[in-house]
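Take a look at the structure set out below.
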Amino acid sequence: MKSSVIVAAAAVGALAVAGCGSTSSSGTSSSGTSGSGATKSCVASVGMEGPLTGPVAVLGQEQLHFAQLAALKDNLVNHTKITIVQGDTQLNPAQATTVTQQFTSNSKIVAVVGPAGSQEVEAIGPLMARAGLAFISGSATNATLTAGKYPTFFRTVSKDSVQGPQDANYIINNLHPKALMIVDDQEAYSTGLVSAMTPIFKAAGIKVDHESVSQKLTDFSSLVAKVTPQTTVVVLPWQVASNAQQFGRNLAQQKKKAVIFGTDGLFSPGTFTINGSYVSSFGPDINSIAADKAIAALAKSKYGNFGTFGPPVFAAQHVIDEAIASVCKSGQTPSRANVLAAIKNTNEATTILGQPIKFTPSGDVVNGKFFLFKIDSTGHYNLIPG
């Protein structure tokens, strides 16, 4: 165990020297990257909220692993001692609330990475605001989250008001359905996307069958029975990839030919593998980014294959790490207030995501975008140029 940690540290140290595509540029949060400013006494704790167990644990574990990689790299570069305190939310708002109460009462925690789901952000946003605790999600995309209700919330991914129209227009212009079904799973993430996409479909003259099912449902035979021969596309803005996989199996069982189009919550290679399906994602495949070659190889060697949920959390953890380092370099002790202020001033020219990170006053990443993939017969996700 110890030897593997030493090897990992050495590998990340090499990455730090190389830059690995995540070195900060100008701005308050980037001032600790030289390795000479932050002192050895720069100590802080960062909470990490994610679905570490439960139906989407594979995604939560990926997010945790990338947060850990970021902290390890940044501690080496900045000579900081930042530790991660784990909190398992299971993608459940009530559980996220419990974790957040624990984090806000822990004075050592100066910022939080996560949570993963938009419904969780809605549940904990007021608690974080009252505590003055900055939190950065790498996967919560509901557009209303940055409408001003949660002043300490940030995200390193774009929002559904970008994803919804982008996906809807791709479907209209490339799949040409005359009728489609769109199904929400009764969670904020899903219903928000349905609201963004449906008017665009209707404006294009497409007949829309809007259905709603519980996220806990695992047999979709009855729902699939409603897919008519004229329905050539089924849009699933869901968060549980195994549910979409079962939906696809039910389609095949009933010999229905409709194409599944999933949003970013379904990006899960190895779980959702229905041939011919489409999936949009808030993050790129970093394996295709040359500057990320070393960090991608290290992540794969330590944790196996990964998708697009981990890298945006790496970016979120890195933003927090840099904010803490900049506070220490200025001679202050990291606190919730000064770390929050530093995060607001983030201005990273290059990141693991292959695009800059700078936040709007409301916490959105400037010029955020989504990526589109098509699944082939081997289950591989192929990026569609755009």
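Residue numbering restarts at 1 in every chain; chains get A, B, ... in the order shown in the structure tokens, and ligands count up from 1 in that same order.
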
Contact residues around Val233 (chain A) with only C-alpha atoms at 10 Å, ignoring same-chain residues under 5 positions, as a ChimeraX atom specification:
/A:171,175-182,227,257-261,277

With only C-alpha atoms as the counted atoms, please give the residues lying no more than 12 Å from Thr198 (chain A), apart from itself and same-chain residues fewer than 6 positions off, as a PyMOL selection string.
chain A and resi 164-165+167-169+171-172+179-184+191-192+204-211+235+237

Report as a PDB file with N, CA and C atoms, in the first residue's frame all protein, DNA and RNA residues lying within 7 Å of Val112 (chain A), evaluated on only C-alpha atoms, omitting residues in the same chain fewer than 4 positions from it.
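Writing the result to selection.pdb gives the following:
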```pdb
ATOM      1  N   VAL A  46     -10.745  19.988   2.585  1.00  0.00           N
ATOM      2  CA  VAL A  46     -11.769  20.220   1.569  1.00  0.00           C
ATOM      3  C   VAL A  46     -12.749  19.053   1.613  1.00  0.00           C
ATOM      4  N   GLY A  47     -14.031  19.353   1.700  1.00  0.00           N
ATOM      5  CA  GLY A  47     -15.032  18.299   1.667  1.00  0.00           C
ATOM      6  C   GLY A  47     -15.279  17.832   0.241  1.00  0.00           C
ATOM      7  N   MET A  48     -15.603  16.555   0.080  1.00  0.00           N
ATOM      8  CA  MET A  48     -15.948  16.021  -1.243  1.00  0.00           C
ATOM      9  C   MET A  48     -17.268  15.279  -1.123  1.00  0.00           C
ATOM     10  N   ALA A 134     -17.932  27.841   0.129  1.00  0.00           N
ATOM     11  CA  ALA A 134     -17.919  27.673  -1.321  1.00  0.00           C
ATOM     12  C   ALA A 134     -18.014  26.198  -1.674  1.00  0.00           C
ATOM     13  N   PHE A 135     -18.813  25.892  -2.701  1.00  0.00           N
ATOM     14  CA  PHE A 135     -18.854  24.518  -3.200  1.00  0.00           C
ATOM     15  C   PHE A 135     -18.910  24.536  -4.714  1.00  0.00           C
ATOM     16  N   ILE A 136     -18.124  23.646  -5.324  1.00  0.00           N
ATOM     17  CA  ILE A 136     -17.969  23.613  -6.775  1.00  0.00           C
ATOM     18  C   ILE A 136     -18.339  22.228  -7.278  1.00  0.00           C
TER      19      ILE A 136
END
```

Quick one: distance from CA of Phe153 (chain A) to CA of Val121 (chain A) in Å, one decimal?
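Separation between CA of Phe153 (chain A) and CA of Val121 (chain A): 8.4 Å.
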
Between CA of Leu52 (chain A) and CA of Gln90 (chain A), measure the distance and give it in Å to one decimal.
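It comes out at 6.3 Å.
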
Taking the DSSP secondary structure from the backbone, can you list the residues of region 192-252 of chain A that are strand (DSSP E), as a PyMOL selection string?
chain A and resi 207-212+231-236

Output of the above residues as a PDB file, in the first residue's frame, restricted to N, CA and C atoms:
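Output file out.pdb is given in full below:
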```
ATOM      1  N   LYS A 207     -44.094  15.946 -33.135  1.00  0.00           N
ATOM      2  CA  LYS A 207     -45.062  15.481 -32.144  1.00  0.00           C
ATOM      3  C   LYS A 207     -44.304  14.941 -30.936  1.00  0.00           C
ATOM      4  N   VAL A 208     -44.606  15.466 -29.763  1.00  0.00           N
ATOM      5  CA  VAL A 208     -43.867  15.115 -28.551  1.00  0.00           C
ATOM      6  C   VAL A 208     -44.771  14.392 -27.561  1.00  0.00           C
ATOM      7  N   ASP A 209     -44.337  13.205 -27.161  1.00  0.00           N
ATOM      8  CA  ASP A 209     -45.007  12.463 -26.090  1.00  0.00           C
ATOM      9  C   ASP A 209     -44.144  12.591 -24.844  1.00  0.00           C
ATOM     10  N   HIS A 210     -44.594  13.393 -23.889  1.00  0.00           N
ATOM     11  CA  HIS A 210     -43.843  13.598 -22.648  1.00  0.00           C
ATOM     12  C   HIS A 210     -44.333  12.622 -21.595  1.00  0.00           C
ATOM     13  N   GLU A 211     -43.426  11.770 -21.131  1.00  0.00           N
ATOM     14  CA  GLU A 211     -43.742  10.802 -20.091  1.00  0.00           C
ATOM     15  C   GLU A 211     -42.898  11.089 -18.853  1.00  0.00           C
ATOM     16  N   SER A 212     -43.311  10.519 -17.729  1.00  0.00           N
ATOM     17  CA  SER A 212     -42.591  10.720 -16.470  1.00  0.00           C
ATOM     18  C   SER A 212     -42.576   9.426 -15.676  1.00  0.00           C
ATOM     19  N   THR A 231     -42.671   6.880 -33.625  1.00  0.00           N
ATOM     20  CA  THR A 231     -41.714   7.464 -32.682  1.00  0.00           C
ATOM     21  C   THR A 231     -40.330   6.918 -32.981  1.00  0.00           C
ATOM     22  N   THR A 232     -39.485   7.724 -33.595  1.00  0.00           N
ATOM     23  CA  THR A 232     -38.160   7.260 -34.022  1.00  0.00           C
ATOM     24  C   THR A 232     -37.039   7.640 -33.055  1.00  0.00           C
ATOM     25  N   VAL A 233     -37.331   8.523 -32.100  1.00  0.00           N
ATOM     26  CA  VAL A 233     -36.321   8.940 -31.117  1.00  0.00           C
ATOM     27  C   VAL A 233     -36.958   8.957 -29.730  1.00  0.00           C
ATOM     28  N   VAL A 234     -36.227   8.434 -28.738  1.00  0.00           N
ATOM     29  CA  VAL A 234     -36.634   8.542 -27.341  1.00  0.00           C
ATOM     30  C   VAL A 234     -35.534   9.294 -26.593  1.00  0.00           C
ATOM     31  N   VAL A 235     -35.884  10.425 -26.019  1.00  0.00           N
ATOM     32  CA  VAL A 235     -34.919  11.255 -25.292  1.00  0.00           C
ATOM     33  C   VAL A 235     -35.012  10.931 -23.811  1.00  0.00           C
ATOM     34  N   LEU A 236     -33.877  10.547 -23.226  1.00  0.00           N
ATOM     35  CA  LEU A 236     -33.826  10.170 -21.810  1.00  0.00           C
ATOM     36  C   LEU A 236     -32.860  11.094 -21.059  1.00  0.00           C
TER      37      LEU A 236
END
```

Computed interatomic separation between CA of Gly270 (chain A) and CA of Pro312 (chain A) (Å)
19.7 Å

Extract the full set of helix (DSSP H, G or I) residues from region 58-305 of chain A according to DSSP on the backbone, and format it as a ChimeraX atom specification.
/A:58-78,93-104,118-131,143-146,160-175,188-203,221-224,241-253,264-266,286-288,290-303
